[in-house]
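A.B. asks: Have a peek at input18.csv (CSV, C-alpha atoms).
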chain,number,residue,atom,x,y,z
A,504,MET,CA,-7.8,-20.5,6.6
A,505,LYS,CA,-9.9,-22.4,4.1
A,506,LYS,CA,-8.1,-24.2,1.3
A,507,GLU,CA,-9.7,-21.9,-1.3
A,508,ASP,CA,-8.6,-18.9,0.6
A,509,THR,CA,-5.0,-20.2,0.6
A,510,SER,CA,-5.1,-20.3,-3.2
A,511,VAL,CA,-6.5,-16.8,-3.4
A,512,LEU,CA,-3.9,-15.5,-0.9
A,513,LEU,CA,-1.1,-17.0,-3.0
A,514,GLU,CA,-2.5,-15.7,-6.2
A,515,ILE,CA,-3.0,-12.2,-4.8
A,516,PHE,CA,0.5,-12.2,-3.2
A,517,CYS,CA,2.1,-13.2,-6.5
A,518,SER,CA,0.1,-10.9,-8.7
A,519,THR,CA,0.6,-7.9,-6.4
A,520,ALA,CA,4.3,-8.5,-6.1
A,521,GLU,CA,4.5,-8.6,-9.8
A,522,LYS,CA,2.4,-5.5,-10.5
A,523,GLN,CA,3.8,-3.4,-7.8
A,524,ALA,CA,7.4,-4.5,-7.5
A,525,PHE,CA,8.2,-6.5,-10.7
A,526,ALA,CA,8.9,-9.4,-8.4
A,527,PHE,CA,7.9,-12.9,-9.6
A,528,GLY,CA,6.8,-15.5,-7.1
A,529,ALA,CA,5.7,-19.1,-7.2
A,530,GLU,CA,4.6,-21.4,-4.4
A,531,CYS,CA,7.1,-24.0,-3.4
A,532,THR,CA,7.4,-26.7,-0.7
A,533,ARG,CA,9.2,-26.1,2.6
A,534,GLU,CA,12.1,-28.1,1.2
A,535,GLU,CA,12.3,-26.1,-2.0
A,536,LEU,CA,12.1,-22.7,-0.2
A,537,PRO,CA,15.4,-20.9,-0.8
A,538,GLU,CA,17.5,-20.5,2.3
A,539,PRO,CA,18.2,-17.0,3.5
A,540,ALA,CA,21.8,-16.1,3.0
A,541,ALA,CA,24.0,-16.5,6.1
A,542,GLY,CA,23.7,-13.5,8.4
A,543,GLU,CA,21.0,-12.0,6.3
A,544,ALA,CA,18.4,-10.0,8.2
A,545,LEU,CA,14.9,-11.6,8.4
A,546,MET,CA,11.8,-9.5,8.8
A,547,LEU,CA,8.1,-9.9,9.5
A,548,SER,CA,5.4,-7.5,8.3
A,549,SER,CA,1.9,-7.9,9.6
A,550,ILE,CA,-1.4,-6.2,9.0
A,551,THR,CA,-4.8,-6.7,10.6
A,552,PHE,CA,-8.2,-6.1,9.2
A,553,LYS,CA,-11.6,-5.5,10.9
A,554,GLY,CA,-15.0,-5.9,9.4
A,555,PRO,CA,-17.7,-8.6,9.3
A,556,TYR,CA,-14.8,-10.6,10.8
A,557,CYS,CA,-11.3,-9.9,11.7
A,558,GLY,CA,-7.9,-11.4,10.7
A,559,ILE,CA,-4.2,-10.9,10.3
A,560,ILE,CA,-2.0,-11.3,7.3
A,561,MET,CA,1.7,-11.9,8.0
A,562,LEU,CA,4.6,-11.8,5.6
A,563,ALA,CA,8.0,-13.0,6.6
A,564,TYR,CA,10.9,-12.3,4.2
A,565,SER,CA,14.6,-12.0,3.8
A,566,GLU,CA,16.3,-8.6,3.4
A,567,SER,CA,17.4,-9.5,-0.1
A,568,LEU,CA,13.7,-9.7,-1.1
A,569,ALA,CA,13.0,-6.4,0.7
A,570,LYS,CA,15.8,-4.6,-1.1
A,571,ALA,CA,14.7,-5.9,-4.5
A,572,VAL,CA,11.1,-4.9,-3.9
A,573,THR,CA,12.1,-1.5,-2.6
A,574,SER,CA,14.6,-0.9,-5.5
A,575,ASN,CA,12.0,-2.0,-8.1
A,576,THR,CA,9.2,0.0,-6.6
A,577,LEU,CA,11.2,3.2,-6.3
A,578,GLY,CA,13.0,2.6,-9.6
A,579,THR,CA,16.5,2.9,-8.2
A,580,ASP,CA,19.5,0.9,-9.4
A,581,ASP,CA,21.7,1.1,-6.3
A,582,GLU,CA,20.4,-1.3,-3.7
A,583,SER,CA,23.3,-0.4,-1.3
A,584,GLU,CA,21.7,3.0,-0.7
A,585,ILE,CA,18.4,1.6,0.4
A,586,THR,CA,17.8,2.0,4.2
A,587,PHE,CA,16.0,-0.4,6.5
A,588,GLU,CA,13.3,2.2,6.9
A,589,GLN,CA,12.7,2.3,3.2
A,590,GLU,CA,12.6,-1.5,3.0
A,591,SER,CA,10.1,-1.6,5.9
A,592,ASP,CA,8.0,1.0,4.2
A,593,ALA,CA,8.0,-0.6,0.8
A,594,MET,CA,7.1,-4.1,2.3
A,595,ALA,CA,4.5,-2.6,4.5
A,596,GLU,CA,2.9,-1.0,1.5
A,597,LEU,CA,3.1,-4.2,-0.5
A,598,LEU,CA,1.3,-6.0,2.4
A,599,ASN,CA,-1.3,-3.2,2.6
A,600,VAL,CA,-2.2,-3.7,-1.1
A,601,ILE,CA,-2.1,-7.5,-0.8
A,602,CYS,CA,-4.6,-7.3,2.2
A,603,GLY,CA,-7.0,-5.0,0.3
A,604,GLN,CA,-6.9,-7.1,-2.8
A,605,PHE,CA,-7.3,-10.4,-0.9
A,606,LEU,CA,-10.4,-9.2,1.0
A,607,THR,CA,-12.1,-8.1,-2.2
A,608,ALA,CA,-11.2,-11.3,-3.9
A,609,VAL,CA,-12.6,-13.4,-1.1
A,610,GLU,CA,-15.6,-11.3,0.1
A,611,GLY,CA,-16.5,-9.1,-2.9
A,612,GLU,CA,-17.0,-5.3,-3.0
A,613,ILE,CA,-19.9,-4.9,-0.6
A,614,PRO,CA,-18.4,-5.5,2.9
A,615,VAL,CA,-16.4,-2.8,4.5
A,616,PHE,CA,-13.1,-3.7,6.2
A,617,ASP,CA,-10.8,-1.3,8.1
A,618,LEU,CA,-7.1,-2.1,7.8
A,619,THR,CA,-4.5,-1.2,10.4
A,620,VAL,CA,-1.2,0.4,9.6
A,621,PRO,CA,1.2,-2.5,8.9
A,622,HIS,CA,3.9,-3.3,11.5
A,623,CYS,CA,7.4,-4.4,10.6
A,624,ARG,CA,10.1,-5.9,12.8
A,625,ARG,CA,13.2,-8.0,12.5
A,626,ILE,CA,12.9,-11.6,13.5
A,627,GLU,CA,15.5,-14.2,14.6
A,628,LYS,CA,16.3,-17.3,12.6
A,629,ASN,CA,14.5,-19.5,15.1
A,630,GLU,CA,11.3,-17.5,14.6
A,631,TRP,CA,11.7,-17.7,10.8
A,632,GLU,CA,12.1,-21.5,11.1
A,633,SER,CA,9.0,-21.8,13.2
A,634,PHE,CA,7.0,-19.9,10.5
A,635,ARG,CA,8.6,-22.1,7.8
A,636,GLU,CA,7.5,-25.2,9.6
A,637,SER,CA,4.0,-24.0,10.4
A,638,PRO,CA,1.2,-25.3,8.3
A,639,ASP,CA,-0.4,-21.8,8.5
A,640,PHE,CA,2.3,-20.3,6.3
A,641,LEU,CA,2.6,-20.6,2.5
A,642,CYS,CA,6.2,-20.9,1.2
A,643,VAL,CA,6.9,-18.7,-1.9
A,644,ASN,CA,10.0,-18.5,-3.9
A,645,VAL,CA,10.2,-14.9,-5.1
A,646,ASP,CA,13.0,-14.5,-7.7
A,647,GLU,CA,15.1,-17.0,-5.6
A,648,SER,CA,14.4,-15.2,-2.3
A,649,PRO,CA,12.3,-16.8,0.4
A,650,ALA,CA,8.9,-15.5,1.5
A,651,LEU,CA,6.4,-16.9,4.0
A,652,VAL,CA,2.8,-15.6,4.0
A,653,SER,CA,-0.2,-16.5,6.1
A,654,MET,CA,-3.7,-15.3,6.9
A,655,LYS,CA,-5.6,-16.3,9.9
A,656,LEU,CA,-8.8,-15.1,11.6
A,657,ILE,CA,-8.6,-13.5,15.0
A,658,ASP,CA,-10.9,-12.2,17.7
A,659,CYS,CA,-11.8,-8.6,16.8
A,660,ASP,CA,-11.3,-7.6,20.4
A,661,ASP,CA,-7.6,-8.4,20.0
A,662,ILE,CA,-7.1,-5.7,17.3
A,663,GLN,CA,-5.5,-2.4,18.4
A,664,SER,CA,-6.2,0.4,16.0
B,1198,MET,CA,0.4,27.0,-16.7
B,1199,ALA,CA,2.1,24.7,-14.2
B,1200,TYR,CA,-0.1,22.9,-11.6
B,1201,ASN,CA,0.8,22.4,-8.0
B,1202,VAL,CA,0.1,19.0,-6.5
B,1203,LEU,CA,-0.2,17.7,-3.0
B,1204,ILE,CA,0.4,14.0,-2.4
B,1205,VAL,CA,-0.9,12.6,0.9
B,1206,ASP,CA,0.1,9.1,2.0
B,1207,ASP,CA,1.7,7.6,5.1
B,1208,SER,CA,4.0,5.5,2.9
B,1209,SER,CA,7.1,7.3,1.7
B,1210,THR,CA,7.3,4.7,-1.0
B,1211,VAL,CA,3.9,5.6,-2.4
B,1212,ARG,CA,4.6,9.4,-2.2
B,1213,SER,CA,7.9,8.9,-4.1
B,1214,VAL,CA,6.2,6.7,-6.8
B,1215,ILE,CA,3.3,9.1,-7.4
B,1216,GLU,CA,5.7,12.1,-7.5
B,1217,LYS,CA,8.0,10.3,-9.9
B,1218,THR,CA,5.1,9.2,-12.0
B,1219,LEU,CA,3.9,12.8,-12.4
B,1220,HIS,CA,7.4,14.1,-13.2
B,1221,VAL,CA,7.9,11.6,-16.1
B,1222,SER,CA,4.4,11.6,-17.4
B,1223,GLY,CA,4.6,14.9,-19.3
B,1224,VAL,CA,2.0,16.7,-17.2
B,1225,ASN,CA,2.5,20.4,-16.5
B,1226,LEU,CA,3.9,20.2,-13.0
B,1227,GLY,CA,4.6,23.1,-10.7
B,1228,ASN,CA,5.4,22.5,-7.0
B,1229,VAL,CA,4.8,19.1,-5.5
B,1230,TYR,CA,4.0,19.0,-1.8
B,1231,LEU,CA,4.2,15.8,0.3
B,1232,ALA,CA,2.3,15.0,3.5
B,1233,ALA,CA,2.2,11.8,5.6
B,1234,ASN,CA,-1.3,12.2,6.9
B,1235,GLY,CA,-4.4,14.4,6.6
B,1236,LYS,CA,-3.3,16.8,9.4
B,1237,GLU,CA,0.0,17.5,7.7
B,1238,ALA,CA,-1.8,18.0,4.4
B,1239,LEU,CA,-4.2,20.6,5.9
B,1240,GLU,CA,-1.2,22.4,7.4
B,1241,LEU,CA,0.4,22.6,4.0
B,1242,LEU,CA,-2.8,23.8,2.4
B,1243,GLN,CA,-2.9,26.7,4.8
B,1244,SER,CA,0.1,28.3,3.3
B,1245,ASN,CA,0.4,26.8,-0.2
B,1246,TRP,CA,-2.0,26.9,-3.1
B,1247,VAL,CA,-2.6,23.4,-4.6
B,1248,ASP,CA,-4.5,22.6,-7.8
B,1249,ILE,CA,-5.1,18.9,-7.1
B,1250,VAL,CA,-4.7,16.5,-4.2
B,1251,PHE,CA,-3.9,12.8,-4.4
B,1252,ALA,CA,-4.6,11.2,-1.1
B,1253,ASP,CA,-4.8,7.8,0.6
B,1254,ILE,CA,-7.6,6.9,3.0
B,1255,ASN,CA,-6.0,4.9,5.7
B,1256,MET,CA,-3.4,7.0,7.5
B,1257,PRO,CA,-2.5,7.6,11.1
B,1258,VAL,CA,-3.2,10.9,12.9
B,1259,MET,CA,-5.8,12.0,10.4
B,1260,THR,CA,-7.4,9.8,7.7
B,1261,GLY,CA,-8.1,10.8,4.1
B,1262,ILE,CA,-11.8,10.9,4.9
B,1263,GLU,CA,-11.3,13.2,7.8
B,1264,MET,CA,-9.1,15.4,5.7
B,1265,ILE,CA,-11.8,15.6,3.0
B,1266,ASP,CA,-14.4,16.5,5.5
B,1267,LYS,CA,-12.2,19.4,6.8
B,1268,MET,CA,-11.5,20.6,3.3
B,1269,GLU,CA,-15.2,20.5,2.4
B,1270,ALA,CA,-16.0,22.6,5.5
B,1271,ASP,CA,-13.5,25.3,4.4
B,1272,GLY,CA,-14.7,27.8,1.8
B,1273,ILE,CA,-11.5,27.9,-0.1
B,1274,LEU,CA,-10.2,24.3,0.3
B,1275,SER,CA,-13.5,22.8,-0.8
B,1276,SER,CA,-12.8,23.9,-4.4
B,1277,ILE,CA,-9.6,21.8,-4.6
B,1278,PRO,CA,-10.2,18.5,-6.4
B,1279,VAL,CA,-9.2,15.4,-4.5
B,1280,VAL,CA,-8.3,12.0,-6.1
B,1281,ILE,CA,-8.2,9.1,-3.8
B,1282,ILE,CA,-5.4,6.5,-4.3
B,1283,SER,CA,-6.1,3.6,-2.0
B,1284,THR,CA,-6.3,-0.1,-1.3
B,1285,GLU,CA,-10.0,0.3,-0.5
B,1286,GLY,CA,-12.1,-2.2,-2.5
B,1287,SER,CA,-15.5,-1.7,-0.9
B,1288,SER,CA,-18.0,-0.2,-3.3
B,1289,THR,CA,-19.9,0.9,-0.2
B,1290,ARG,CA,-17.0,3.0,1.0
B,1291,ILE,CA,-16.2,4.3,-2.5
B,1292,GLU,CA,-19.7,5.5,-3.0
B,1293,GLU,CA,-19.5,7.3,0.4
B,1294,LEU,CA,-16.4,9.0,-0.9
B,1295,LYS,CA,-18.0,10.0,-4.1
B,1296,LYS,CA,-20.9,11.6,-2.2
B,1297,LYS,CA,-18.2,13.6,-0.3
B,1298,GLY,CA,-17.2,15.0,-3.7
B,1299,ILE,CA,-14.0,13.3,-4.6
B,1300,ARG,CA,-13.1,13.8,-8.2
B,1301,GLY,CA,-11.5,10.4,-8.8
B,1302,TYR,CA,-10.6,7.1,-7.3
B,1303,ILE,CA,-7.6,4.9,-8.2
B,1304,ARG,CA,-7.2,1.5,-6.6
B,1305,LYS,CA,-3.8,0.2,-5.6
B,1306,PRO,CA,-1.7,-1.2,-7.2
B,1307,PHE,CA,-2.0,1.6,-9.7
B,1308,SER,CA,-0.4,2.1,-13.1
B,1309,PRO,CA,1.2,5.4,-13.9
B,1310,GLU,CA,-1.3,5.9,-16.8
B,1311,LYS,CA,-4.2,6.0,-14.3
B,1312,VAL,CA,-2.5,8.8,-12.3
B,1313,LYS,CA,-1.8,10.8,-15.4
B,1314,LYS,CA,-5.3,10.2,-16.8
B,1315,ALA,CA,-6.9,11.5,-13.5
B,1316,PHE,CA,-4.6,14.5,-13.5
B,1317,LEU,CA,-5.5,15.5,-17.1
B,1318,GLU,CA,-9.2,14.7,-16.8
B,1319,ILE,CA,-9.5,17.0,-13.8
B,1320,LEU,CA,-7.2,19.8,-14.9
B,1321,GLY,CA,-7.9,19.6,-18.6
B,1322,ASN,CA,-5.5,19.8,-21.5
B,1323,GLY,CA,-3.7,22.7,-19.9
B,1324,GLY,CA,-2.3,20.1,-17.6
B,1325,GLU,CA,-0.2,18.5,-20.4
B,1326,LYS,CA,3.1,20.0,-21.5
Please go through the file and, once you have read it, give me the structure as structure tokens.
C.D. replies:
Amino acid sequence: MKKEDTSVLLEIFCSTAEKQAFAFGAECTREELPEPAAGEALMLSSITFKGPYCGIIMLAYSESLAKAVTSNTLGTDDESEITFEQESDAMAELLNVICGQFLTAVEGEIPVFDLTVPHCRRIEKNEWESFRESPDFLCVNVDESPALVSMKLIDCDDIQS
Amino acid sequence: MAYNVLIVDDSSTVRSVIEKTLHVSGVNLGNVYLAANGKEALELLQSNWVDIVFADINMPVMTGIEMIDKMEADGILSSIPVVIISTEGSSTRIEELKKKGIRGYIRKPFSPEKVKKAFLEILGNGGEK
């Protein structure tokens, strides 16, 4: 990912989280990234895009962030009633919008990109740590919850629709 | 007169948000039908009259574009206005959709005001309570 794309991805992530879920994020260093709470579930959402070139955007996050995003998006007060399915769906939709906005910001409005349906899965702490240490991932503090976001180009043949 | 709405999106979050937006916006709302893809939407349309459809484009099973093509081919369904709510940002694709006869396009993330505005512009002042 080019340095300027990194800035765009960060800006799009933060602005979309704010507009869609009233969640306020800011880039931080790996050392400043909030630690997930002990025992808290960690998740990874990913979406691929196919067009003049192909790529994947990944978002790793803690369950506390997922609950806050879901609660804010749906306008509910009681986070305890939010299910894992609702969290996955809300975060998938957030990633969907981030991807669309990012591609327009980087490539303009002429190229056509097809986006896949986002995938969500739980990840283990060691996988979270590998993402956190990877230079491919940006660290973002979202209302004191951690998030890791990356975009990388991939071979179009590797994308399953 | 209350207007029936069909909301088509594979995201339950988006369906809930659009439905809630319509309920609190003061529009004259009748029945609200929800579908997770174009195929479910067409099945609902077979047995329920709908005055306006809000639909996403990228959905599994049947996309919004495929759904619009099927509606256009049907003598009765072709008269129902469709508003697309999507992450799509390509002007090329949006122009293609307009040529297919969509009545409005709202880009995500969307504000409640845009949904209400589209509803009222298409259904007229009778759409407001």
A.B. asks: Once you count all atoms listed in the file, which residues of chain B turn out to be within 7 Å of chain A? Could you give them as an MDAnalysis selection string?
C.D. replies: chainID B and resid 1208:1210 1213:1214 1284:1290 1305:1306
A.B. asks: Pick out the closest residue to A:Leu512 from this set: A:Lys570, A:Arg533, A:Lys655, A:Lys553. Count only C-alpha atoms.
C.D. replies: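 Distance minimum relative to A:Leu512 lands on A:Lys655.
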A.B. asks: Pick the closest to A:Glu538 from A:Asp508, A:Glu647, A:Glu630, A:Asp660: which is it, counting only C-alpha atoms?
C.D. replies: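 Comparing A:Asp508, A:Glu647, A:Glu630, A:Asp660 against A:Glu538, the winner is A:Glu647.
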A.B. asks: Find the residues around B:Val1247 up to 9 Å (all atoms listed in the file counted), leave out those fewer than 3 positions away in its own chain, and share them as a PDB file with C-alpha atoms, in the coordinates of the input.
C.D. replies:
ATOM      1  CA  TYR B1200      -0.100  22.900 -11.600  1.00  0.00           C
ATOM      2  CA  ASN B1201       0.800  22.400  -8.000  1.00  0.00           C
ATOM      3  CA  VAL B1202       0.100  19.000  -6.500  1.00  0.00           C
ATOM      4  CA  LEU B1203      -0.200  17.700  -3.000  1.00  0.00           C
ATOM      5  CA  ASN B1228       5.400  22.500  -7.000  1.00  0.00           C
ATOM      6  CA  VAL B1229       4.800  19.100  -5.500  1.00  0.00           C
ATOM      7  CA  TYR B1230       4.000  19.000  -1.800  1.00  0.00           C
ATOM      8  CA  LEU B1242      -2.800  23.800   2.400  1.00  0.00           C
ATOM      9  CA  VAL B1250      -4.700  16.500  -4.200  1.00  0.00           C
ATOM     10  CA  ILE B1277      -9.600  21.800  -4.600  1.00  0.00           C
TER      11      ILE B1277
END
A.B. asks: So how far away is atom CA of B:Glu1292 from atom CA of B:Met1268, in Å?
C.D. replies: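 Interatomic distance, atom CA of B:Met1268 to atom CA of B:Glu1292: 18.3 Å.
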A.B. asks: So which residues fall inside 12 Å of (-13.2, 19.9, 2.5) if we count only C-alpha atoms? Mind giving them as a PDB file with C-alpha atoms, in the frame of the given file?
C.D. replies:
ATOM      1  CA  GLY B1235      -4.400  14.400   6.600  1.00  0.00           C
ATOM      2  CA  ALA B1238      -1.800  18.000   4.400  1.00  0.00           C
ATOM      3  CA  LEU B1239      -4.200  20.600   5.900  1.00  0.00           C
ATOM      4  CA  LEU B1242      -2.800  23.800   2.400  1.00  0.00           C
ATOM      5  CA  VAL B1250      -4.700  16.500  -4.200  1.00  0.00           C
ATOM      6  CA  GLY B1261      -8.100  10.800   4.100  1.00  0.00           C
ATOM      7  CA  ILE B1262     -11.800  10.900   4.900  1.00  0.00           C
ATOM      8  CA  GLU B1263     -11.300  13.200   7.800  1.00  0.00           C
ATOM      9  CA  MET B1264      -9.100  15.400   5.700  1.00  0.00           C
ATOM     10  CA  ILE B1265     -11.800  15.600   3.000  1.00  0.00           C
ATOM     11  CA  ASP B1266     -14.400  16.500   5.500  1.00  0.00           C
ATOM     12  CA  LYS B1267     -12.200  19.400   6.800  1.00  0.00           C
ATOM     13  CA  MET B1268     -11.500  20.600   3.300  1.00  0.00           C
ATOM     14  CA  GLU B1269     -15.200  20.500   2.400  1.00  0.00           C
ATOM     15  CA  ALA B1270     -16.000  22.600   5.500  1.00  0.00           C
ATOM     16  CA  ASP B1271     -13.500  25.300   4.400  1.00  0.00           C
ATOM     17  CA  GLY B1272     -14.700  27.800   1.800  1.00  0.00           C
ATOM     18  CA  ILE B1273     -11.500  27.900  -0.100  1.00  0.00           C
ATOM     19  CA  LEU B1274     -10.200  24.300   0.300  1.00  0.00           C
ATOM     20  CA  SER B1275     -13.500  22.800  -0.800  1.00  0.00           C
ATOM     21  CA  SER B1276     -12.800  23.900  -4.400  1.00  0.00           C
ATOM     22  CA  ILE B1277      -9.600  21.800  -4.600  1.00  0.00           C
ATOM     23  CA  PRO B1278     -10.200  18.500  -6.400  1.00  0.00           C
ATOM     24  CA  VAL B1279      -9.200  15.400  -4.500  1.00  0.00           C
ATOM     25  CA  LEU B1294     -16.400   9.000  -0.900  1.00  0.00           C
ATOM     26  CA  LYS B1297     -18.200  13.600  -0.300  1.00  0.00           C
ATOM     27  CA  GLY B1298     -17.200  15.000  -3.700  1.00  0.00           C
ATOM     28  CA  ILE B1299     -14.000  13.300  -4.600  1.00  0.00           C
TER      29      ILE B1299
END
A.B. asks: Could you check which of B:Met1198, B:Asn1255, B:Arg1212, B:Asn1245 is closest to B:Gly1227, using only C-alpha atoms?
C.D. replies: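 Distance minimum relative to B:Gly1227 lands on B:Met1198.
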A.B. asks: Residues near B:Val1280, anyone? I mean within 8 Å using only C-alpha atoms, not counting same-chain ones fewer than 4 positions away, as a PyMOL selection string.
C.D. replies: chain B and resi 1249-1252+1299-1303+1315
A.B. asks: I'd like the neighbourhood of B:Asp1207 as a VMD selection string, where a residue qualifies if any of its atoms comes within 8 Å (using all atoms listed in the file), though same-chain residues fewer than 2 positions away should be ignored.
C.D. replies: chain B and resid 1205 1209 1232 to 1234 1253 1256 to 1257
A.B. asks: Would you pick out the contacts of stretch 539-543 of chain A at 7 Å or less, using all atoms listed in the file, so that residues sharing its chain but fewer than 6 positions from it are not included, and give the list as a list of chain:residue names?
C.D. replies: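 So, after excluding close chain neighbours, the residues are A:Ser565, A:Glu566, A:Pro649.
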A.B. asks: Find, counting all atoms listed in the file, the residue in B:Lys1295, B:Ile1204, B:Leu1231, B:Thr1218 that gets nearest to B:Glu1310.
C.D. replies: B:Thr1218
A.B. asks: Restricting the calculation to all atoms listed in the file: of A:Ala563, A:Leu641, A:Cys659, A:Asn575, which residue gets closest to A:Phe525?
C.D. replies: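 Between A:Ala563, A:Leu641, A:Cys659, A:Asn575, the residue approaching A:Phe525 most closely is A:Asn575.
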A.B. asks: Please, what distance in Å, to one decimal, runs between atom CA of A:Val572 and atom CA of A:Ser653?
C.D. replies: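 Interatomic distance here is 19.0 Å.
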A.B. asks: Mind pulling up the distance from atom CA of A:Thr551 to atom CA of A:Ile662?
C.D. replies: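 Here the two named atoms are 7.2 Å from each other.
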A.B. asks: Hey, which of B:Val1312, B:Leu1320, B:Met1259, B:Ile1291 ends up closest to B:Glu1216? Count all atoms listed in the file.
C.D. replies: B:Val1312
